[in-house]
file protein_26.pdb (PDB, C-alpha atoms, pLDDT in the B column)
ATOM      1  CA  CYS A 689       0.000   0.000   0.000  1.00 27.00           C
ATOM      2  CA  GLY A 690       1.342   3.477  -0.815  1.00 40.00           C
ATOM      3  CA  ASN A 691       1.931   6.455   1.429  1.00 51.00           C
ATOM      4  CA  GLY A 692      -1.306   7.773   2.782  1.00 48.00           C
ATOM      5  CA  ALA A 693      -3.303   4.641   2.051  1.00 46.00           C
ATOM      6  CA  VAL A 694      -4.042   1.893   4.525  1.00 45.00           C
ATOM      7  CA  GLN A 695      -4.973  -1.609   3.521  1.00 39.00           C
ATOM      8  CA  GLY A 696      -8.686  -2.139   3.946  1.00 37.00           C
ATOM      9  CA  GLU A 697      -9.447   1.614   3.858  1.00 44.00           C
ATOM     10  CA  ALA A 698     -10.206   3.330   0.591  1.00 37.00           C
ATOM     11  CA  ASN A 699      -9.241   6.810   1.780  1.00 44.00           C
ATOM     12  CA  ALA A 700      -8.184   8.272   5.109  1.00 43.00           C
ATOM     13  CA  ASP A 701     -10.302  11.218   6.203  1.00 54.00           C
ATOM     14  CA  SER A 702      -8.897  14.645   7.016  1.00 66.00           C
ATOM     15  CA  GLN A 703      -8.667  13.951  10.751  1.00 76.00           C
ATOM     16  CA  ASN A 704      -6.295  11.030  10.189  1.00 80.00           C
ATOM     17  CA  TYR A 705      -3.034  10.441   8.362  1.00 82.00           C
ATOM     18  CA  THR A 706      -0.442   7.835   7.434  1.00 82.00           C
ATOM     19  CA  LEU A 707       3.125   8.603   6.384  1.00 79.00           C
ATOM     20  CA  GLN A 708       4.735   5.283   5.501  1.00 74.00           C
ATOM     21  CA  SER A 709       3.513   2.475   3.283  1.00 67.00           C
ATOM     22  CA  ASP A 710       4.150   0.015   6.133  1.00 70.00           C
ATOM     23  CA  ASP A 711       1.711   1.799   8.479  1.00 69.00           C
ATOM     24  CA  HIS A 712      -1.181  -0.547   9.255  1.00 73.00           C
ATOM     25  CA  GLU A 713      -3.582   2.027  10.636  1.00 79.00           C
ATOM     26  CA  CYS A 714      -4.454   5.658  10.290  1.00 81.00           C
ATOM     27  CA  ARG A 715      -3.246   7.914  13.082  1.00 84.00           C
ATOM     28  CA  GLN A 716      -5.180  10.795  14.525  1.00 88.00           C
ATOM     29  CA  CYS A 717      -4.027  14.251  13.461  1.00 89.00           C
ATOM     30  CA  PRO A 718      -1.783  15.834  16.167  1.00 91.00           C
ATOM     31  CA  ALA A 719      -2.964  19.013  17.872  1.00 91.00           C
ATOM     32  CA  GLN A 720       0.030  20.920  16.432  1.00 93.00           C
ATOM     33  CA  ALA A 721      -0.738  19.959  12.829  1.00 92.00           C
ATOM     34  CA  TYR A 722      -3.190  20.380   9.974  1.00 91.00           C
ATOM     35  CA  CYS A 723      -4.178  17.173   8.201  1.00 88.00           C
ATOM     36  CA  TRP A 724      -5.717  16.804   4.754  1.00 85.00           C
ATOM     37  CA  GLY A 725      -5.891  13.019   4.833  1.00 80.00           C
ATOM     38  CA  GLY A 726      -3.394  10.501   3.518  1.00 80.00           C
ATOM     39  CA  ASN A 727       0.183  11.658   3.983  1.00 83.00           C
ATOM     40  CA  GLN A 728      -0.704  15.337   3.656  1.00 86.00           C
ATOM     41  CA  ILE A 729       0.128  16.749   7.090  1.00 90.00           C
ATOM     42  CA  GLY A 730       1.847  20.011   8.064  1.00 92.00           C
ATOM     43  CA  PRO A 731       2.626  22.088  11.171  1.00 95.00           C
ATOM     44  CA  GLN A 732       0.445  24.825  12.582  1.00 94.00           C
ATOM     45  CA  GLN A 733       1.825  28.296  13.308  1.00 95.00           C
ATOM     46  CA  GLY A 734       4.589  28.194  15.934  1.00 96.00           C
ATOM     47  CA  TYR A 735       5.675  24.639  15.029  1.00 96.00           C
ATOM     48  CA  TRP A 736       8.172  23.114  12.620  1.00 94.00           C
ATOM     49  CA  ARG A 737       8.648  19.679  11.108  1.00 93.00           C
ATOM     50  CA  MET A 738      11.960  18.018  10.138  1.00 91.00           C
ATOM     51  CA  ASN A 739      10.828  16.470   6.838  1.00 89.00           C
ATOM     52  CA  GLN A 740       7.857  15.052   4.919  1.00 85.00           C
ATOM     53  CA  LEU A 741       8.062  11.685   6.689  1.00 85.00           C
ATOM     54  CA  SER A 742       8.256  12.989  10.244  1.00 87.00           C
ATOM     55  CA  ASN A 743       5.237  12.997  12.526  1.00 86.00           C
ATOM     56  CA  GLN A 744       7.005  15.021  15.225  1.00 91.00           C
ATOM     57  CA  PHE A 745       6.095  18.682  15.388  1.00 94.00           C
ATOM     58  CA  ILE A 746       8.584  20.745  17.364  1.00 94.00           C
ATOM     59  CA  LYS A 747       7.719  24.055  18.959  1.00 95.00           C
ATOM     60  CA  CYS A 748       9.870  26.811  17.484  1.00 94.00           C
ATOM     61  CA  LEU A 749      12.303  28.720  19.698  1.00 92.00           C
ATOM     62  CA  TYR A 750      10.675  31.963  18.563  1.00 93.00           C
ATOM     63  CA  THR A 751       7.104  30.990  17.742  1.00 93.00           C
ATOM     64  CA  ALA A 752       6.376  34.058  15.594  1.00 95.00           C
ATOM     65  CA  ALA A 753       9.124  32.937  13.169  1.00 95.00           C
ATOM     66  CA  CYS A 754       7.330  29.698  12.252  1.00 95.00           C
ATOM     67  CA  LEU A 755       4.293  30.378  10.099  1.00 95.00           C
ATOM     68  CA  GLY A 756       3.426  26.705   9.659  1.00 93.00           C
ATOM     69  CA  VAL A 757       1.352  25.724   6.621  1.00 92.00           C
ATOM     70  CA  LYS A 758      -1.724  27.466   5.295  1.00 88.00           C
ATOM     71  CA  PRO A 759      -4.766  25.336   6.144  1.00 84.00           C
ATOM     72  CA  PHE A 760      -6.905  26.518   3.207  1.00 83.00           C
ATOM     73  CA  VAL A 761      -4.265  26.117   0.499  1.00 84.00           C
ATOM     74  CA  ASP A 762      -3.760  22.904  -1.454  1.00 83.00           C
ATOM     75  CA  PRO A 763      -1.069  20.937   0.432  1.00 80.00           C
ATOM     76  CA  LYS A 764       0.623  19.972  -2.832  1.00 83.00           C
ATOM     77  CA  GLN A 765       1.391  23.653  -3.425  1.00 86.00           C
ATOM     78  CA  GLN A 766       3.275  24.285  -0.189  1.00 88.00           C
ATOM     79  CA  ASP A 767       6.236  23.043   1.841  1.00 86.00           C
ATOM     80  CA  MET A 768       4.788  20.609   4.373  1.00 87.00           C
ATOM     81  CA  ARG A 769       7.621  21.280   6.834  1.00 88.00           C
ATOM     82  CA  GLY A 770       6.176  24.741   7.358  1.00 91.00           C
ATOM     83  CA  HIS A 771       7.158  28.223   6.251  1.00 93.00           C
ATOM     84  CA  CYS A 772       9.434  30.692   8.024  1.00 95.00           C
ATOM     85  CA  ASP A 773       8.596  34.377   8.353  1.00 96.00           C
ATOM     86  CA  ASN A 774      10.680  37.001   6.517  1.00 95.00           C
ATOM     87  CA  GLY A 775      14.193  37.171   7.957  1.00 95.00           C
ATOM     88  CA  TYR A 776      14.180  33.584   9.265  1.00 96.00           C
ATOM     89  CA  GLN A 777      15.438  30.324   7.790  1.00 95.00           C
ATOM     90  CA  GLY A 778      16.706  26.860   8.655  1.00 93.00           C
ATOM     91  CA  ARG A 779      15.672  24.349  11.287  1.00 92.00           C
ATOM     92  CA  LEU A 780      12.987  25.616  13.631  1.00 93.00           C
ATOM     93  CA  CYS A 781      13.250  28.884  11.664  1.00 94.00           C
ATOM     94  CA  ALA A 782      15.972  29.731  14.206  1.00 93.00           C
ATOM     95  CA  ASP A 783      18.606  31.145  11.822  1.00 93.00           C
ATOM     96  CA  CYS A 784      18.584  34.679  10.491  1.00 93.00           C
ATOM     97  CA  GLU A 785      18.719  35.280   6.763  1.00 94.00           C
ATOM     98  CA  LYS A 786      21.435  37.394   5.168  1.00 91.00           C
ATOM     99  CA  GLU A 787      21.141  41.078   6.099  1.00 88.00           C
ATOM    100  CA  TRP A 788      19.264  40.164   9.283  1.00 90.00           C
ATOM    101  CA  SER A 789      20.800  39.867  12.759  1.00 86.00           C
ATOM    102  CA  ARG A 790      19.944  38.086  15.988  1.00 84.00           C
ATOM    103  CA  GLY A 791      17.705  40.034  18.305  1.00 80.00           C
ATOM    104  CA  PHE A 792      16.292  39.258  21.728  1.00 77.00           C
ATOM    105  CA  GLN A 793      15.218  35.666  22.503  1.00 81.00           C
ATOM    106  CA  TYR A 794      15.848  34.109  19.053  1.00 84.00           C
ATOM    107  CA  SER A 795      14.160  36.890  17.124  1.00 89.00           C
ATOM    108  CA  CYS A 796      15.760  38.334  13.990  1.00 90.00           C
ATOM    109  CA  GLN A 797      15.760  41.969  13.006  1.00 88.00           C
ATOM    110  CA  ARG A 798      16.820  43.687   9.815  1.00 89.00           C
ATOM    111  CA  CYS A 799      20.390  45.000  10.017  1.00 84.00           C
ATOM    112  CA  PRO A 800      20.647  48.772  10.309  1.00 80.00           C
ATOM    113  CA  SER A 801      22.419  50.777   7.653  1.00 83.00           C
ATOM    114  CA  VAL A 802      26.202  51.247   7.760  1.00 82.00           C
ATOM    115  CA  VAL A 803      25.727  54.867   8.820  1.00 87.00           C
ATOM    116  CA  GLY A 804      23.402  53.786  11.644  1.00 80.00           C
ATOM    117  CA  ASN A 805      25.951  51.217  12.849  1.00 78.00           C
ATOM    118  CA  LEU A 806      28.763  53.792  12.775  1.00 83.00           C
ATOM    119  CA  ILE A 807      26.672  56.227  14.790  1.00 87.00           C
ATOM    120  CA  LYS A 808      25.881  53.537  17.394  1.00 82.00           C
ATOM    121  CA  ILE A 809      29.516  52.415  17.646  1.00 84.00           C
ATOM    122  CA  GLY A 810      30.686  56.029  17.922  1.00 87.00           C
ATOM    123  CA  PHE A 811      28.171  56.735  20.675  1.00 87.00           C
ATOM    124  CA  ILE A 812      29.183  53.616  22.621  1.00 85.00           C
ATOM    125  CA  LEU A 813      32.858  54.533  22.236  1.00 88.00           C
ATOM    126  CA  VAL A 814      32.334  58.114  23.456  1.00 91.00           C
ATOM    127  CA  VAL A 815      30.261  56.933  26.446  1.00 84.00           C
ATOM    128  CA  SER A 816      32.843  54.256  27.320  1.00 83.00           C
ATOM    129  CA  VAL A 817      35.789  56.656  27.133  1.00 89.00           C
ATOM    130  CA  GLY A 818      33.846  59.213  29.172  1.00 86.00           C
ATOM    131  CA  PHE A 819      33.011  56.604  31.805  1.00 83.00           C
ATOM    132  CA  VAL A 820      36.641  55.477  32.092  1.00 83.00           C
ATOM    133  CA  TYR A 821      37.774  59.127  32.263  1.00 85.00           C
ATOM    134  CA  VAL A 822      35.357  59.859  35.118  1.00 79.00           C
ATOM    135  CA  LEU A 823      36.460  56.726  36.994  1.00 77.00           C
ATOM    136  CA  ILE A 824      40.134  57.619  36.655  1.00 81.00           C
ATOM    137  CA  LYS A 825      39.521  61.226  37.694  1.00 79.00           C
ATOM    138  CA  ALA A 826      37.487  60.095  40.707  1.00 73.00           C
ATOM    139  CA  SER A 827      40.184  57.622  41.751  1.00 73.00           C
ATOM    140  CA  ILE A 828      42.948  60.207  41.407  1.00 72.00           C
ATOM    141  CA  PHE A 829      40.896  62.854  43.218  1.00 71.00           C
ATOM    142  CA  SER A 830      40.093  60.523  46.110  1.00 69.00           C
ATOM    143  CA  ALA A 831      43.708  59.404  46.369  1.00 59.00           C
ATOM    144  CA  ARG A 832      45.331  62.729  45.521  1.00 60.00           C
ATOM    145  CA  LYS A 833      47.710  62.444  48.438  1.00 58.00           C
ATOM    146  CA  SER A 834      48.939  59.034  47.360  1.00 65.00           C
ATOM    147  CA  LEU A 835      48.961  57.902  43.736  1.00 69.00           C
ATOM    148  CA  ILE A 836      50.727  54.734  44.811  1.00 67.00           C
ATOM    149  CA  GLY A 837      47.403  53.366  46.113  1.00 68.00           C
ATOM    150  CA  VAL A 838      45.806  53.927  42.710  1.00 72.00           C
ATOM    151  CA  TYR A 839      48.681  52.203  40.915  1.00 76.00           C
ATOM    152  CA  LEU A 840      48.520  49.273  43.327  1.00 72.00           C
ATOM    153  CA  ARG A 841      44.783  48.838  42.693  1.00 79.00           C
ATOM    154  CA  ILE A 842      45.333  48.950  38.936  1.00 83.00           C
ATOM    155  CA  PHE A 843      48.110  46.346  39.242  1.00 78.00           C
ATOM    156  CA  ALA A 844      45.895  44.155  41.450  1.00 77.00           C
ATOM    157  CA  ASN A 845      43.118  44.325  38.842  1.00 83.00           C
ATOM    158  CA  TYR A 846      45.633  43.351  36.157  1.00 80.00           C
ATOM    159  CA  LEU A 847      46.727  40.326  38.155  1.00 72.00           C
ATOM    160  CA  GLN A 848      43.128  39.293  38.770  1.00 77.00           C
ATOM    161  CA  LEU A 849      42.455  39.431  35.025  1.00 79.00           C
ATOM    162  CA  VAL A 850      45.501  37.243  34.422  1.00 74.00           C
ATOM    163  CA  MET A 851      44.167  34.758  36.984  1.00 73.00           C
ATOM    164  CA  LEU A 852      40.830  34.744  35.225  1.00 78.00           C
ATOM    165  CA  THR A 853      42.545  34.087  31.887  1.00 75.00           C
ATOM    166  CA  VAL A 854      44.483  31.196  33.424  1.00 70.00           C
ATOM    167  CA  SER A 855      41.236  29.599  34.596  1.00 72.00           C
ATOM    168  CA  PHE A 856      40.197  28.914  30.970  1.00 73.00           C
ATOM    169  CA  ASP A 857      41.218  25.389  30.075  1.00 68.00           C
ATOM    170  CA  LEU A 858      43.163  26.128  26.899  1.00 73.00           C
ATOM    171  CA  SER A 859      46.338  24.522  25.631  1.00 75.00           C
ATOM    172  CA  TRP A 860      48.683  27.461  26.225  1.00 73.00           C
ATOM    173  CA  PRO A 861      52.339  27.228  25.083  1.00 77.00           C
ATOM    174  CA  GLN A 862      54.784  26.358  27.886  1.00 79.00           C
ATOM    175  CA  MET A 863      56.310  29.863  27.961  1.00 79.00           C
ATOM    176  CA  VAL A 864      52.862  31.444  28.436  1.00 77.00           C
ATOM    177  CA  ARG A 865      51.979  28.885  31.146  1.00 74.00           C
ATOM    178  CA  ASN A 866      55.185  29.766  33.031  1.00 77.00           C
ATOM    179  CA  PHE A 867      54.302  33.450  32.791  1.00 76.00           C
ATOM    180  CA  PHE A 868      50.752  32.759  34.013  1.00 71.00           C
ATOM    181  CA  ASP A 869      52.007  30.652  36.950  1.00 70.00           C
ATOM    182  CA  PHE A 870      54.185  33.512  38.161  1.00 69.00           C
ATOM    183  CA  GLN A 871      51.397  36.050  37.650  1.00 65.00           C
ATOM    184  CA  GLU A 872      48.888  33.781  39.370  1.00 59.00           C
ATOM    185  CA  ARG A 873      51.041  33.590  42.502  1.00 58.00           C
ATOM    186  CA  LEU A 874      51.321  37.370  42.584  1.00 55.00           C
ATOM    187  CA  GLY A 875      47.612  37.775  41.901  1.00 50.00           C
ATOM    188  CA  GLY A 876      46.637  35.487  44.748  1.00 46.00           C
ATOM    189  CA  PHE A 877      48.907  37.397  47.110  1.00 42.00           C
ATOM    190  CA  SER A 878      47.567  40.818  46.092  1.00 43.00           C
ATOM    191  CA  GLU A 879      43.992  39.559  46.278  1.00 40.00           C
ATOM    192  CA  GLN A 880      44.512  38.570  49.912  1.00 38.00           C
ATOM    193  CA  ILE A 881      46.013  41.939  50.758  1.00 38.00           C
ATOM    194  CA  PHE A 882      43.398  44.141  49.078  1.00 37.00           C
ATOM    195  CA  SER A 883      40.246  42.177  49.794  1.00 28.00           C
TER     196      SER A 883
END
call {"tool": "encode", "arguments": {"input": "protein_26.pdb", "output": "structure tokens"}}
result
Amino acid sequence: CGNGAVQGEANADSQNYTLQSDDHECRQCPAQAYCWGGNQIGPQQGYWRMNQLSNQFIKCLYTAACLGVKPFVDPKQQDMRGHCDNGYQGRLCADCEKEWSRGFQYSCQRCPSVVGNLIKIGFILVVSVGFVYVLIKASIFSARKSLIGVYLRIFANYLQLVMLTVSFDLSWPQMVRNFFDFQERLGGFSEQIFS
């Protein structure tokens, strides 16, 4: 018996389906799917399907990206895995198309223009430099009598960053590992003093 047909049944109704020729009974249409009878079955909005022979319907990571199939359109005229919204592609409609970028919680948004990106980067750079300037000025002002304290805190922060870098399990060259071991000992010592 061929896909969508079950021995002893002339035609499966629209509430049931079969996918494989070796299926011996019609299955009830899943709640996440639209069924047209036979092997014509597709996902509803918010769900995605791996391929034409799969009866598993997976909820999309960003449900608005998965449009599913159109229930009132002939199933032979559409992709029965489901359609992705504009800007989305791939499995679970979780990848962004070209000229789209990842947004919040698996959403995709159209990339801004080059000028818009340059303005944003410039603004972030100015704010960052201003923030660092204010922090340095405040530290120097509060420790005006003794700049040595400021330099010691900066050195302690440097050593702590080295210790953090060492904690990543990477295959560093032996010379770098020796350098990190020495720095780690100093960092541990300064951390005890200044904490």
call {"tool": "resolve_selection", "arguments": {"input": "protein_26.pdb", "expression": "the PyMOL selection byres ((chain A and resi 768) around 10)", "output": "compact mmCIF listing (two decimals) with C-alpha atoms, in the coordinates of the input"}}
result
# COMPACT_ATOMS: atom_id res chain seq x y z
CA TYR A 722 -3.19 20.38 9.97
CA GLN A 728 -0.70 15.34 3.66
CA ILE A 729 0.13 16.75 7.09
CA GLY A 730 1.85 20.01 8.06
CA PRO A 731 2.63 22.09 11.17
CA TRP A 736 8.17 23.11 12.62
CA ARG A 737 8.65 19.68 11.11
CA MET A 738 11.96 18.02 10.14
CA ASN A 739 10.83 16.47 6.84
CA GLN A 740 7.86 15.05 4.92
CA LEU A 741 8.06 11.68 6.69
CA GLY A 756 3.43 26.70 9.66
CA VAL A 757 1.35 25.72 6.62
CA LYS A 758 -1.72 27.47 5.30
CA PRO A 763 -1.07 20.94 0.43
CA LYS A 764 0.62 19.97 -2.83
CA GLN A 765 1.39 23.65 -3.42
CA GLN A 766 3.28 24.28 -0.19
CA ASP A 767 6.24 23.04 1.84
CA ARG A 769 7.62 21.28 6.83
CA GLY A 770 6.18 24.74 7.36
CA HIS A 771 7.16 28.22 6.25
call {"tool": "atom_distance", "arguments": {"input": "protein_26.pdb", "atom1": "atom CA of A:Glu785", "atom2": "atom CA of A:Asp773"}}
result
10.3 Å
call {"tool": "atom_distance", "arguments": {"input": "protein_26.pdb", "atom1": "atom CA of A:Tyr794", "atom2": "atom CA of A:Ile746"}}
result
15.3 Å
call {"tool": "atom_distance", "arguments": {"input": "protein_26.pdb", "atom1": "atom CA of A:Glu787", "atom2": "atom CA of A:Ser801"}}
result
9.9 Å
call {"tool": "resolve_selection", "arguments": {"input": "protein_26.pdb", "expression": "the PyMOL selection byres ((chain A and resi 798) around 8)", "output": "ChimeraX atom specification"}}
result
/A:775,787-789,796-797,799-800
call {"tool": "write_last_selection", "arguments": {"input": "protein_26.pdb", "atoms": "C-alpha atoms", "output": "tab-separated table (two decimals), in the frame of the given file"}}
result
chain	number	residue	atom	x	y	z
A	775	GLY	CA	14.19	37.17	7.96
A	787	GLU	CA	21.14	41.08	6.10
A	788	TRP	CA	19.26	40.16	9.28
A	789	SER	CA	20.80	39.87	12.76
A	796	CYS	CA	15.76	38.33	13.99
A	797	GLN	CA	15.76	41.97	13.01
A	799	CYS	CA	20.39	45.00	10.02
A	800	PRO	CA	20.65	48.77	10.31
call {"tool": "residues_around", "arguments": {"input": "protein_26.pdb", "residues": "A:Ala753", "least_positions_apart": "5", "cutoff": "8 Å", "atoms": "all atoms listed in the file", "output": "short mmCIF file (atom, residue, chain, number, x, y, z; two decimals) with C-alpha atoms, keeping the file's coordinate frame"}}
result
data_model
loop_
_atom_site.label_atom_id
_atom_site.label_comp_id
_atom_site.auth_asym_id
_atom_site.auth_seq_id
_atom_site.Cartn_x
_atom_site.Cartn_y
_atom_site.Cartn_z
CA GLY A 734 4.59 28.19 15.93
CA CYS A 748 9.87 26.81 17.48
CA CYS A 772 9.43 30.69 8.02
CA ASP A 773 8.60 34.38 8.35
CA ASN A 774 10.68 37.00 6.52
CA TYR A 776 14.18 33.58 9.26
CA CYS A 781 13.25 28.88 11.66
CA ALA A 782 15.97 29.73 14.21
CA SER A 795 14.16 36.89 17.12
#
